[in-house]
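As stored in target-v3.txt (compact mmCIF, C-alpha atoms):
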# COMPACT_ATOMS: atom_id res chain seq x y z
CA MET W 279 -15.60 16.97 -22.35
CA VAL W 280 -12.51 14.76 -22.72
CA ARG W 281 -9.77 15.61 -20.22
CA SER W 282 -6.32 15.49 -21.79
CA PRO W 283 -3.43 14.27 -19.63
CA HIS W 284 -0.96 16.27 -21.74
CA VAL W 285 -1.31 19.20 -19.33
CA LEU W 286 1.24 17.26 -17.24
CA GLU W 287 3.91 18.82 -19.45
CA THR W 288 2.64 22.40 -19.44
CA GLU W 289 1.12 23.33 -16.07
CA SER W 290 3.31 24.24 -13.10
CA VAL W 291 4.70 21.30 -11.14
CA GLY W 292 3.38 22.66 -7.86
CA LYS W 293 -0.15 23.01 -9.20
CA LEU W 294 -0.03 19.51 -10.70
CA LEU W 295 1.19 18.01 -7.43
CA VAL W 296 -1.75 19.60 -5.65
CA GLN W 297 -4.20 18.40 -8.30
CA TYR W 298 -2.88 14.84 -8.39
CA SER W 299 -1.49 14.23 -4.93
CA ILE W 300 -4.27 15.64 -2.75
CA PRO W 301 -6.94 13.31 -4.20
CA ALA W 302 -4.56 10.35 -3.90
CA ILE W 303 -3.59 11.30 -0.33
CA VAL W 304 -7.23 11.71 0.63
CA ALA W 305 -8.10 8.35 -0.92
CA MET W 306 -5.25 6.47 0.74
CA THR W 307 -5.66 8.22 4.09
CA VAL W 308 -9.39 7.69 4.22
CA THR W 309 -8.85 4.01 3.44
CA SER W 310 -6.32 3.80 6.26
CA VAL W 311 -8.66 5.64 8.61
CA TYR W 312 -11.29 3.06 7.76
CA ASN W 313 -8.84 0.27 8.60
CA VAL W 314 -8.27 1.94 11.96
CA ILE W 315 -12.01 2.26 12.55
CA ASP W 316 -12.63 -1.31 11.41
CA SER W 317 -9.98 -2.60 13.82
CA ALA W 318 -11.57 -0.53 16.59
CA PHE W 319 -14.98 -2.07 15.81
CA ILE W 320 -13.46 -5.54 15.95
CA GLY W 321 -11.46 -4.82 19.11
CA HIS W 322 -14.39 -3.39 21.06
CA GLY W 323 -17.12 -5.50 19.48
CA VAL W 324 -15.44 -8.91 19.30
CA GLY W 325 -12.47 -8.83 21.69
CA PRO W 326 -8.66 -8.62 22.03
CA LEU W 327 -8.08 -12.07 20.52
CA ALA W 328 -10.00 -10.95 17.45
CA ILE W 329 -7.46 -8.12 17.08
CA SER W 330 -4.72 -10.75 17.19
CA GLY W 331 -6.60 -12.84 14.62
CA LEU W 332 -6.91 -9.81 12.37
CA ALA W 333 -3.18 -9.13 12.70
CA LEU W 334 -2.49 -12.68 11.52
CA THR W 335 -4.30 -11.93 8.25
CA PHE W 336 -1.98 -9.01 7.40
CA PRO W 337 0.57 -11.15 5.51
CA LEU W 338 -2.14 -12.65 3.31
CA MET W 339 -3.75 -9.26 2.71
CA ASN W 340 -0.30 -7.89 1.85
CA LEU W 341 0.04 -10.62 -0.75
CA ILE W 342 -3.31 -9.62 -2.26
CA VAL W 343 -2.18 -5.99 -2.41
CA ALA W 344 1.17 -7.16 -3.83
CA PHE W 345 -0.45 -8.71 -6.89
CA CYS W 346 -2.79 -5.73 -7.25
CA THR W 347 0.15 -3.32 -7.28
CA LEU W 348 2.13 -5.57 -9.63
CA ILE W 349 -0.62 -5.06 -12.18
CA GLY W 350 -2.17 -1.73 -11.20
CA VAL W 351 0.90 0.34 -10.36
CA GLY W 352 2.83 -1.19 -13.25
CA GLY W 353 -0.05 -0.46 -15.62
CA ALA W 354 -0.40 3.09 -14.30
CA ALA W 355 3.31 3.84 -14.77
CA VAL W 356 3.43 2.36 -18.29
CA SER W 357 0.28 4.21 -19.38
CA SER W 358 1.72 7.50 -18.06
CA ILE W 359 4.94 7.00 -20.01
CA TYR W 360 3.02 6.22 -23.22
CA LEU W 361 0.84 9.29 -22.73
CA GLY W 362 4.00 11.35 -22.28
CA LYS W 363 5.14 10.03 -25.66
CA LYS W 364 1.73 11.04 -27.13
CA ASP W 365 0.98 7.37 -27.86
CA ASP W 366 -2.67 7.18 -26.76
CA ARG W 367 -3.25 3.87 -28.53
CA LYS W 368 -0.58 2.09 -26.50
CA ALA W 369 -1.99 3.63 -23.30
CA THR W 370 -5.40 2.20 -24.20
CA GLU W 371 -3.84 -1.22 -24.81
CA VAL W 372 -2.30 -1.05 -21.35
CA LEU W 373 -5.76 -0.51 -19.84
CA HIS W 374 -7.10 -3.66 -21.50
CA HIS W 375 -4.11 -5.68 -20.38
CA VAL W 376 -4.60 -4.50 -16.79
CA LEU W 377 -8.20 -5.76 -16.96
CA MET W 378 -7.19 -9.20 -18.27
CA LEU W 379 -4.26 -9.63 -15.90
CA SER W 380 -6.39 -8.64 -12.89
CA LEU W 381 -9.05 -11.22 -13.69
CA ILE W 382 -6.52 -14.01 -14.20
CA ALA W 383 -4.43 -13.21 -11.13
CA GLY W 384 -7.47 -12.60 -8.91
CA CYS W 385 -9.08 -15.94 -9.71
CA CYS W 386 -5.86 -17.92 -9.40
CA PHE W 387 -4.74 -16.33 -6.14
CA GLY W 388 -8.19 -16.54 -4.56
CA GLY W 389 -8.58 -20.21 -5.47
CA LEU W 390 -5.22 -21.21 -4.04
CA ALA W 391 -5.72 -19.19 -0.85
CA TRP W 392 -9.15 -20.78 -0.28
CA CYS W 393 -7.81 -24.34 -0.67
CA PHE W 394 -4.95 -23.90 1.80
CA LEU W 395 -6.30 -21.18 4.09
CA ASP W 396 -5.87 -22.94 7.45
CA GLU W 397 -2.38 -24.11 6.59
CA ILE W 398 -1.41 -20.59 5.51
CA LEU W 399 -2.74 -18.97 8.69
CA LEU W 400 -1.05 -21.53 10.94
CA PHE W 401 2.20 -20.85 9.12
CA PHE W 402 1.63 -17.14 9.73
CA GLY W 403 1.59 -17.78 13.49
CA ALA W 404 -2.05 -18.55 14.32
CA SER W 405 -2.82 -20.49 17.49
CA ASP W 406 -5.89 -22.52 18.43
CA ASP W 407 -7.35 -19.37 20.01
CA THR W 408 -6.74 -16.98 17.13
CA LEU W 409 -7.21 -19.26 14.09
CA PRO W 410 -11.05 -19.12 14.09
CA TYR W 411 -11.02 -15.32 13.93
CA ALA W 412 -8.42 -15.17 11.16
CA ARG W 413 -10.17 -17.89 9.16
CA SER W 414 -13.60 -16.25 9.40
CA PHE W 415 -12.22 -12.95 8.16
CA MET W 416 -10.14 -14.26 5.25
CA GLN W 417 -12.69 -16.78 3.92
CA VAL W 418 -14.90 -13.92 2.82
CA LEU W 419 -12.07 -11.87 1.31
CA VAL W 420 -10.46 -14.65 -0.72
CA LEU W 421 -13.81 -15.58 -2.27
CA ALA W 422 -14.14 -12.00 -3.50
CA ASN W 423 -10.51 -11.76 -4.60
CA PRO W 424 -11.19 -10.99 -8.30
CA ILE W 425 -13.26 -7.99 -7.23
CA SER W 426 -10.38 -6.63 -5.14
CA PHE W 427 -7.89 -7.13 -7.95
CA LEU W 428 -10.05 -5.39 -10.54
CA PHE W 429 -10.98 -2.46 -8.33
CA ILE W 430 -7.49 -1.66 -7.02
CA SER W 431 -5.73 -2.14 -10.37
CA LEU W 432 -8.18 -0.18 -12.52
CA ASN W 433 -8.37 2.61 -9.97
CA ASN W 434 -4.60 3.09 -10.28
CA VAL W 435 -4.89 3.38 -14.05
CA MET W 436 -7.78 5.83 -13.77
CA ARG W 437 -5.65 8.12 -11.58
CA ALA W 438 -2.66 7.93 -13.92
CA THR W 439 -4.64 8.70 -17.09
CA GLY W 440 -5.88 12.09 -15.95
CA TYR W 441 -8.63 11.48 -13.38
CA PRO W 442 -7.17 11.79 -9.88
CA ARG W 443 -10.41 13.16 -8.41
CA LYS W 444 -12.45 10.27 -9.73
CA ALA W 445 -9.91 7.84 -8.31
CA MET W 446 -10.23 9.59 -4.96
CA LEU W 447 -14.02 9.45 -5.10
CA SER W 448 -13.98 5.72 -5.78
CA SER W 449 -11.91 5.18 -2.63
CA LEU W 450 -14.18 7.50 -0.65
CA LEU W 451 -17.19 5.54 -1.90
CA THR W 452 -15.78 2.22 -0.72
CA VAL W 453 -14.80 3.63 2.66
CA GLY W 454 -18.21 5.27 3.14
CA VAL W 455 -20.09 2.06 2.38
CA ASN W 456 -17.71 0.10 4.59
CA VAL W 457 -18.03 2.40 7.58
CA MET W 458 -21.83 2.31 7.34
CA LEU W 459 -22.10 -1.46 7.04
CA ALA W 460 -19.38 -2.70 9.43
CA PRO W 461 -20.97 -1.55 12.73
CA VAL W 462 -24.36 -2.84 11.59
CA PHE W 463 -22.94 -6.26 10.77
CA ILE W 464 -20.78 -6.45 13.93
CA PHE W 465 -22.90 -4.86 16.66
CA TYR W 466 -26.51 -5.29 15.49
CA LEU W 467 -26.46 -8.45 13.39
CA HIS W 468 -23.73 -10.01 15.58
CA TRP W 469 -21.83 -11.43 12.60
CA GLY W 470 -18.52 -10.74 14.33
CA ILE W 471 -15.30 -10.52 12.37
CA ARG W 472 -16.94 -12.18 9.35
CA GLY W 473 -19.34 -9.23 9.21
CA ALA W 474 -16.40 -6.82 8.99
CA ALA W 475 -15.04 -8.76 6.02
CA LEU W 476 -18.44 -8.86 4.30
CA ALA W 477 -18.76 -5.09 4.65
CA THR W 478 -15.37 -4.71 2.95
CA VAL W 479 -16.41 -6.87 0.01
CA ILE W 480 -19.72 -5.06 -0.54
CA ALA W 481 -17.87 -1.72 -0.45
CA GLN W 482 -15.38 -2.91 -3.08
CA VAL W 483 -18.22 -4.06 -5.34
CA CYS W 484 -19.60 -0.52 -5.21
CA GLY W 485 -16.18 0.93 -5.99
CA LEU W 486 -15.64 -1.47 -8.89
CA ILE W 487 -18.96 -0.50 -10.46
CA TRP W 488 -17.90 3.16 -10.27
CA VAL W 489 -14.53 2.50 -11.94
CA LEU W 490 -16.00 0.29 -14.68
CA CYS W 491 -18.58 2.94 -15.50
CA HIS W 492 -15.77 5.46 -15.94
CA PHE W 493 -13.82 3.31 -18.39
CA LEU W 494 -16.98 2.47 -20.36
CA LYS W 495 -17.87 6.13 -20.96
CA ALA W 496 -17.04 7.63 -24.34
CA SER W 497 -16.10 10.87 -22.57
CA SER W 498 -13.17 9.20 -20.76
CA TYR W 499 -9.83 9.98 -22.39
CA ILE W 500 -8.61 6.38 -22.05
CA ARG W 501 -11.44 3.83 -22.09
CA PHE W 502 -12.44 0.29 -23.04
CA GLN W 503 -12.79 -0.02 -26.80
CA ARG W 504 -13.17 -2.79 -29.32
CA GLY W 505 -10.06 -4.00 -31.08
CA TYR W 506 -7.72 -3.63 -28.11
CA GLY W 507 -8.12 -7.05 -26.53
CA LYS W 508 -5.20 -8.75 -28.31
CA TRP W 509 -2.60 -10.13 -25.94
CA ARG W 510 0.79 -8.42 -26.39
CA GLY W 511 3.76 -9.88 -24.56
CA ARG W 512 5.76 -6.65 -24.70
CA ILE W 513 3.07 -4.71 -22.84
CA VAL W 514 2.68 -7.47 -20.26
CA ALA W 515 6.44 -7.49 -19.72
CA SER W 516 6.49 -3.70 -19.29
CA ILE W 517 3.66 -3.75 -16.76
CA LEU W 518 5.16 -6.57 -14.73
CA SER W 519 8.72 -5.23 -14.80
CA ILE W 520 7.75 -1.80 -13.48
CA GLY W 521 5.17 -3.22 -11.07
CA MET W 522 7.72 -5.73 -9.76
CA ALA W 523 9.26 -3.25 -7.30
CA PRO W 524 6.07 -2.56 -5.27
CA PHE W 525 5.11 -6.23 -5.70
CA LEU W 526 8.33 -7.41 -4.10
CA LEU W 527 7.99 -4.75 -1.43
CA HIS W 528 4.60 -6.14 -0.40
CA VAL W 529 5.77 -9.74 -0.65
CA CYS W 530 8.71 -8.92 1.58
CA ALA W 531 6.33 -7.09 3.92
CA SER W 532 4.33 -10.31 4.17
CA VAL W 533 7.46 -12.30 4.97
CA ILE W 534 8.47 -9.72 7.56
CA VAL W 535 5.04 -9.76 9.23
CA VAL W 536 5.18 -13.56 9.42
CA ILE W 537 8.59 -13.39 11.09
CA LEU W 538 7.38 -10.60 13.38
CA ASN W 539 4.29 -12.58 14.35
CA HIS W 540 6.40 -15.60 15.26
CA SER W 541 8.85 -13.40 17.19
CA PHE W 542 6.08 -11.67 19.11
CA LYS W 543 4.43 -15.03 19.81
CA ILE W 544 7.69 -16.37 21.27
CA TYR W 545 8.45 -13.35 23.45
CA GLY W 546 4.97 -12.03 24.26
CA GLY W 547 2.24 -14.50 23.21
CA ASP W 548 -0.97 -13.85 21.28
CA LEU W 549 -1.52 -10.43 22.85
CA ALA W 550 1.86 -9.23 21.57
CA ILE W 551 0.72 -10.15 18.05
CA GLY W 552 -2.42 -8.10 18.65
CA ALA W 553 -0.29 -5.19 19.90
CA TYR W 554 1.69 -5.28 16.67
CA GLY W 555 -1.59 -5.33 14.77
CA ILE W 556 -2.57 -2.06 16.46
CA VAL W 557 0.83 -0.44 15.87
CA ASN W 558 0.76 -1.56 12.25
CA ARG W 559 -2.63 0.06 11.69
CA VAL W 560 -1.44 3.37 13.16
CA ALA W 561 1.84 3.37 11.24
CA THR W 562 0.07 2.43 8.02
CA LEU W 563 -2.17 5.49 8.37
CA PHE W 564 0.83 7.79 7.83
CA VAL W 565 2.65 5.51 5.39
CA MET W 566 -0.43 5.35 3.16
CA ALA W 567 -0.62 9.14 3.13
CA VAL W 568 2.92 9.22 1.76
CA ILE W 569 2.12 6.48 -0.72
CA GLY W 570 -0.85 8.58 -1.85
CA LEU W 571 1.57 11.46 -2.31
CA THR W 572 3.84 9.29 -4.47
CA GLN W 573 0.83 8.09 -6.47
CA GLY W 574 0.11 11.71 -7.27
CA MET W 575 3.76 12.20 -8.17
CA GLN W 576 3.90 9.12 -10.41
CA PRO W 577 1.94 10.36 -13.46
CA ILE W 578 3.71 13.73 -13.33
CA VAL W 579 7.17 12.18 -13.12
CA GLY W 580 6.36 9.36 -15.55
CA TYR W 581 4.85 11.67 -18.17
CA ASN W 582 7.64 14.25 -18.02
CA PHE W 583 10.30 11.56 -18.04
CA GLY W 584 8.69 10.16 -21.18
CA ALA W 585 8.55 13.68 -22.62
CA ARG W 586 12.22 14.23 -21.62
CA ARG W 587 11.34 17.20 -19.40
CA PHE W 588 13.90 16.21 -16.79
CA ASP W 589 13.93 19.60 -15.07
CA ARG W 590 10.28 19.06 -14.13
CA VAL W 591 11.04 15.52 -12.95
CA ARG W 592 13.69 16.78 -10.54
CA GLN W 593 11.49 19.61 -9.32
CA ALA W 594 8.61 17.25 -8.51
CA LEU W 595 10.93 14.87 -6.65
CA LYS W 596 12.32 17.58 -4.36
CA ARG W 597 8.90 18.89 -3.41
CA VAL W 598 7.42 15.48 -2.72
CA ILE W 599 10.33 14.45 -0.48
CA GLY W 600 9.83 17.58 1.62
CA VAL W 601 6.11 16.96 2.10
CA ALA W 602 6.64 13.26 2.85
CA VAL W 603 9.16 14.00 5.60
CA ALA W 604 6.73 16.52 7.15
CA VAL W 605 3.87 14.00 7.15
CA MET W 606 5.94 11.26 8.77
CA SER W 607 7.35 13.70 11.32
CA MET W 608 3.78 14.39 12.41
CA GLY W 609 3.27 10.64 12.95
CA TRP W 610 6.45 10.45 14.99
CA LEU W 611 5.41 13.38 17.18
CA MET W 612 1.93 12.00 17.87
CA SER W 613 3.28 8.55 18.74
CA GLN W 614 5.66 10.03 21.30
CA LEU W 615 3.20 12.46 22.89
CA PHE W 616 -0.10 10.54 22.86
CA PRO W 617 0.59 6.78 22.58
CA GLY W 618 -1.90 5.85 25.28
CA HIS W 619 -4.75 7.78 23.72
CA ILE W 620 -4.04 6.32 20.29
CA VAL W 621 -3.94 2.71 21.50
CA ALA W 622 -7.13 3.13 23.55
CA LEU W 623 -9.06 3.66 20.31
CA PHE W 624 -8.61 -0.03 19.50
CA SER W 625 -9.17 -1.82 22.78
CA ASP W 626 -9.98 -1.46 26.47
CA ASP W 627 -7.85 -4.46 27.45
CA SER W 628 -5.07 -3.20 29.74
CA GLY W 629 -2.62 -5.98 28.87
CA LEU W 630 -2.97 -5.48 25.14
CA ASN W 631 -2.85 -1.69 25.44
CA GLY W 632 0.32 -1.68 27.52
CA LEU W 633 2.17 -3.75 24.97
CA ALA W 634 0.89 -1.65 22.08
CA GLU W 635 1.78 1.67 23.73
CA ALA W 636 5.42 0.68 24.24
CA GLY W 637 5.60 -0.76 20.74
CA LEU W 638 4.18 2.39 19.18
CA ARG W 639 6.80 4.62 20.79
CA ILE W 640 9.68 2.43 19.65
CA THR W 641 8.44 1.53 16.16
CA MET W 642 7.98 5.11 14.99
CA LEU W 643 11.31 6.50 16.20
CA ALA W 644 12.74 6.74 12.67
CA PHE W 645 9.51 7.70 10.95
CA PRO W 646 10.66 11.03 9.41
CA MET W 647 13.35 9.17 7.47
CA VAL W 648 10.85 6.58 6.25
CA GLY W 649 9.00 9.29 4.31
CA ALA W 650 12.04 10.16 2.20
CA GLN W 651 12.90 6.48 1.66
CA ILE W 652 9.42 5.71 0.32
CA VAL W 653 9.47 8.64 -2.11
CA ILE W 654 12.92 7.82 -3.47
CA THR W 655 11.96 4.19 -4.04
CA ASN W 656 8.78 5.19 -5.85
CA PHE W 657 10.64 7.81 -7.88
CA PHE W 658 12.80 5.14 -9.50
CA GLN W 659 9.70 3.08 -10.16
CA SER W 660 7.95 6.05 -11.80
CA ILE W 661 10.77 6.63 -14.30
CA GLY W 662 10.94 2.95 -15.24
CA LYS W 663 14.16 2.15 -13.31
CA ALA W 664 12.67 -1.05 -11.96
CA LYS W 665 15.93 -2.69 -10.88
CA ILE W 666 16.97 0.21 -8.67
CA SER W 667 13.50 0.46 -7.17
CA ILE W 668 13.43 -3.25 -6.45
CA LEU W 669 16.86 -3.10 -4.80
CA LEU W 670 15.80 -0.27 -2.51
CA SER W 671 12.53 -2.03 -1.74
CA LEU W 672 14.28 -5.22 -0.74
CA ALA W 673 17.08 -3.55 1.23
CA ARG W 674 14.96 -2.57 4.23
CA GLN W 675 13.07 -5.85 4.39
CA LEU W 676 15.62 -8.53 3.60
CA LEU W 677 19.04 -6.96 4.05
CA PHE W 678 18.39 -5.07 7.28
CA LEU W 679 15.20 -6.04 9.13
CA ILE W 680 15.32 -9.84 9.02
CA PRO W 681 18.87 -10.13 10.46
CA LEU W 682 18.01 -7.58 13.14
CA LEU W 683 14.91 -9.54 14.15
CA TYR W 684 17.09 -12.54 14.93
CA VAL W 685 19.84 -10.57 16.66
CA LEU W 686 18.39 -7.70 18.72
CA PRO W 687 15.98 -9.76 20.92
CA HIS W 688 19.04 -11.59 22.27
CA VAL W 689 21.08 -8.47 22.98
CA GLY W 690 21.10 -7.63 26.69
CA GLY W 691 17.89 -9.57 27.31
CA LEU W 692 15.81 -7.14 25.25
CA GLU W 693 13.46 -9.90 24.04
CA VAL W 694 10.17 -8.34 22.88
CA TYR W 695 11.68 -4.83 23.00
CA GLY W 696 14.42 -6.05 20.68
CA VAL W 697 11.73 -7.12 18.21
CA TRP W 698 10.20 -3.65 18.32
CA GLY W 699 13.62 -1.98 18.10
CA SER W 700 14.54 -3.85 14.92
CA ILE W 701 12.02 -1.76 12.99
CA PRO W 702 13.43 1.78 13.50
CA VAL W 703 17.03 0.56 13.14
CA SER W 704 16.26 -1.03 9.76
CA ASP W 705 14.34 2.09 8.72
CA THR W 706 17.40 4.22 9.41
CA LEU W 707 19.70 1.95 7.41
CA ALA W 708 17.21 1.85 4.50
CA PHE W 709 17.01 5.65 4.48
CA ILE W 710 20.80 5.98 4.25
CA SER W 711 20.89 3.48 1.37
CA ALA W 712 18.12 5.29 -0.52
CA VAL W 713 19.75 8.72 -0.20
CA LEU W 714 23.14 7.43 -1.31
CA THR W 715 21.57 5.66 -4.31
CA LEU W 716 19.65 8.79 -5.34
CA ARG W 717 22.76 10.97 -5.12
CA TRP W 718 24.69 8.45 -7.23
CA TYR W 719 21.95 8.33 -9.87
CA LEU W 720 21.52 12.12 -10.12
CA ARG W 721 25.27 12.61 -10.49
CA LYS W 722 25.34 9.94 -13.19
CA VAL W 723 22.46 11.59 -15.03
CA LYS W 724 23.99 15.02 -14.73
CA ARG W 725 27.24 13.77 -16.22
CA SER W 726 25.36 12.37 -19.19
CA GLU W 727 23.47 15.70 -19.54
CA LEU W 728 20.05 14.09 -19.23
CA LEU W 729 19.00 16.31 -16.35
CA GLY W 730 21.53 19.09 -16.79
Have the structure of the file written as structure tokens, please.
Amino acid sequence: MVRSPHVLETESVGKLLVQYSIPAIVAMTVTSVYNVIDSAFIGHGVGPLAISGLALTFPLMNLIVAFCTLIGVGGAAVSSIYLGKKDDRKATEVLHHVLMLSLIAGCCFGGLAWCFLDEILLFFGASDDTLPYARSFMQVLVLANPISFLFISLNNVMRATGYPRKAMLSSLLTVGVNVMLAPVFIFYLHWGIRGAALATVIAQVCGLIWVLCHFLKASSYIRFQRGYGKWRGRIVASILSIGMAPFLLHVCASVIVVILNHSFKIYGGDLAIGAYGIVNRVATLFVMAVIGLTQGMQPIVGYNFGARRFDRVRQALKRVIGVAVAVMSMGWLMSQLFPGHIVALFSDDSGLNGLAEAGLRITMLAFPMVGAQIVITNFFQSIGKAKISILLSLARQLLFLIPLLYVLPHVGGLEVYGVWGSIPVSDTLAFISAVLTLRWYLRKVKRSELLG
């Protein structure tokens, strides 16, 4: 039976948020939990320097995710808007464009990363001790880059076109395969950090097969069909313009991690980079849950915005902000009460754990505000206000965090603690900017009687 996405306009907003957000939250959280487990396998099975090597790959992995979100999130938002306008043909064209763009971008990015991998990792802050670990991990991933691009992008479109549970199951499938293979490759076959990367690739192949099978089925509401492969510049422009906000966010995140790695290397050495790697994994666990929540919000907001049901758009936004703040508050509470227990999951090295424990407490001080900031940024993206979303995305990274990283370490001899402290201060400033921008936009819309 074909599932129609047009129920997004008729069912209650609360029920739709549960139906769409819970699968997305589960998918994103489980993926983050796997990243935590994978890092723990590497930390205990390979060593503390391997954790540092893994942390050095974060900027490059963020760039991979950046291009995936540029295509996948942009395609998902555009398809939702077309479905809201009852234009199923255009939504199907978007699916085919996402496929073509993913293949092109995946091959190009992977080829360039492979050719200049050592130079990239050294620029990211690798040393003679950590470069071999980072290189071994990324060589496997960049070779399989087209697979990653296709899986992540198409899975976003599948969620947005009425199949949130299937999108969740594809993520659960990849995580399950990964968790089963990683310890075998690391502990029994002794393939080290390269084994962890290979397990990731095999898991993504399984997930991609699942997603492709969905879009090839005649029972899928939006699916691959003949006659839709013609390249249309207007659709490409729509996908890229809406996907530009999360793309720039991830690119800026890569730049920030590079600067952070260099700062930690200066003030704390290779182990400080590893400590940040641990903190980043823990923080990402909660951030990804909120991103999953916004992914569930996106088709609801995008569809109803396209259908001009602005009352439902506003209702969804309010509820999602409340849940996001609650989720991030939980992360803040755990980081303050149990930092030692959390860090011990990744390593038994006392030097690394001490640095990570202090960093975890400081980094997550402003976490409740981060939840609201993420939702507001994604709200503007979901309704096609790409410029506002991009501005809010860049504000935290470029306008606030980078200057703070160069100033706070020199204030009162804070050094490495100043590097950690830059993160919650920039989060607070970004939250204030997002709230003020949202209030301005809602007042503007109310005056023009679009939401009133």
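Each of W:Ile329, W:Val560, W:Leu611, W:Ala602 was compared to Ser317 in chain W using all atoms listed in the file, and W:Ile329 turns out to be the nearest.
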Worksheet entry | Ala523 in chain W environment, 12 Å, all atoms listed in the file, sequence neighbours closer than 6 positions dropped, as a PyMOL selection string | chain W and resi 344-345+347-349+351-352+355+517+529-530+652+655-660+662-673
Worksheet entry | All residues 9 Å or closer to range 391-399 of chain W, all atoms listed in the file, same chain fewer than 4 positions away omitted, as a list of chain:residue names |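 Here the answer would be W:Leu334, W:Thr335, W:Leu338, W:Cys386, W:Phe387, W:Gly403, W:Ala404, W:Ser405, W:Leu409, W:Ala412, W:Arg413, W:Met416, W:Gln417, W:Val420, W:Leu421.
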Discussion item. Under the rule that all atoms listed in the file are counted, which of W:Met378, W:Thr452, W:Gly470, W:Gly584 is the nearest residue to Gly325 in chain W?
Written reply: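 Using all atoms listed in the file, the shortest distance to Gly325 in chain W belongs to W:Gly470.
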Worksheet item: From the set W:Ser532, W:Ser516, W:Asn456, W:Thr408, which residue has the shortest atom-to-atom contact distance to Phe336 in chain W, counting only C-alpha atoms?
Response: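 Checking each of W:Ser532, W:Ser516, W:Asn456, W:Thr408 against Phe336 in chain W, counting only C-alpha atoms, the winner is W:Ser532.
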Slice of the block: range 623-635 of chain W, N, CA and C atoms, as a compact mmCIF listing (two decimals), in the first residue's frame:
# COMPACT_ATOMS: atom_id res chain seq x y z
N LEU W 623 34.88 5.28 29.99
CA LEU W 623 34.39 4.38 28.95
C LEU W 623 35.34 4.32 27.76
N PHE W 624 36.11 5.37 27.55
CA PHE W 624 36.94 5.49 26.36
C PHE W 624 38.38 5.05 26.57
N SER W 625 38.87 5.16 27.77
CA SER W 625 40.30 4.91 27.99
C SER W 625 40.57 4.62 29.46
N ASP W 626 41.68 3.91 29.71
CA ASP W 626 42.13 3.69 31.08
C ASP W 626 43.44 4.43 31.35
N ASP W 627 43.79 5.36 30.45
CA ASP W 627 44.99 6.16 30.62
C ASP W 627 44.68 7.35 31.52
N SER W 628 45.36 7.45 32.66
CA SER W 628 45.02 8.46 33.66
C SER W 628 45.26 9.88 33.16
N GLY W 629 46.33 10.08 32.38
CA GLY W 629 46.62 11.41 31.86
C GLY W 629 45.56 11.88 30.89
N LEU W 630 45.18 11.02 29.97
CA LEU W 630 44.14 11.35 29.00
C LEU W 630 42.81 11.58 29.69
N ASN W 631 42.48 10.72 30.66
CA ASN W 631 41.18 10.82 31.32
C ASN W 631 41.05 12.09 32.16
N GLY W 632 42.15 12.51 32.80
CA GLY W 632 42.10 13.73 33.59
C GLY W 632 41.82 14.96 32.74
N LEU W 633 42.47 15.03 31.59
CA LEU W 633 42.23 16.14 30.68
C LEU W 633 40.80 16.12 30.15
N ALA W 634 40.31 14.94 29.80
CA ALA W 634 38.97 14.83 29.23
C ALA W 634 37.89 15.15 30.25
N GLU W 635 38.10 14.75 31.50
CA GLU W 635 37.09 15.00 32.54
C GLU W 635 36.90 16.50 32.76
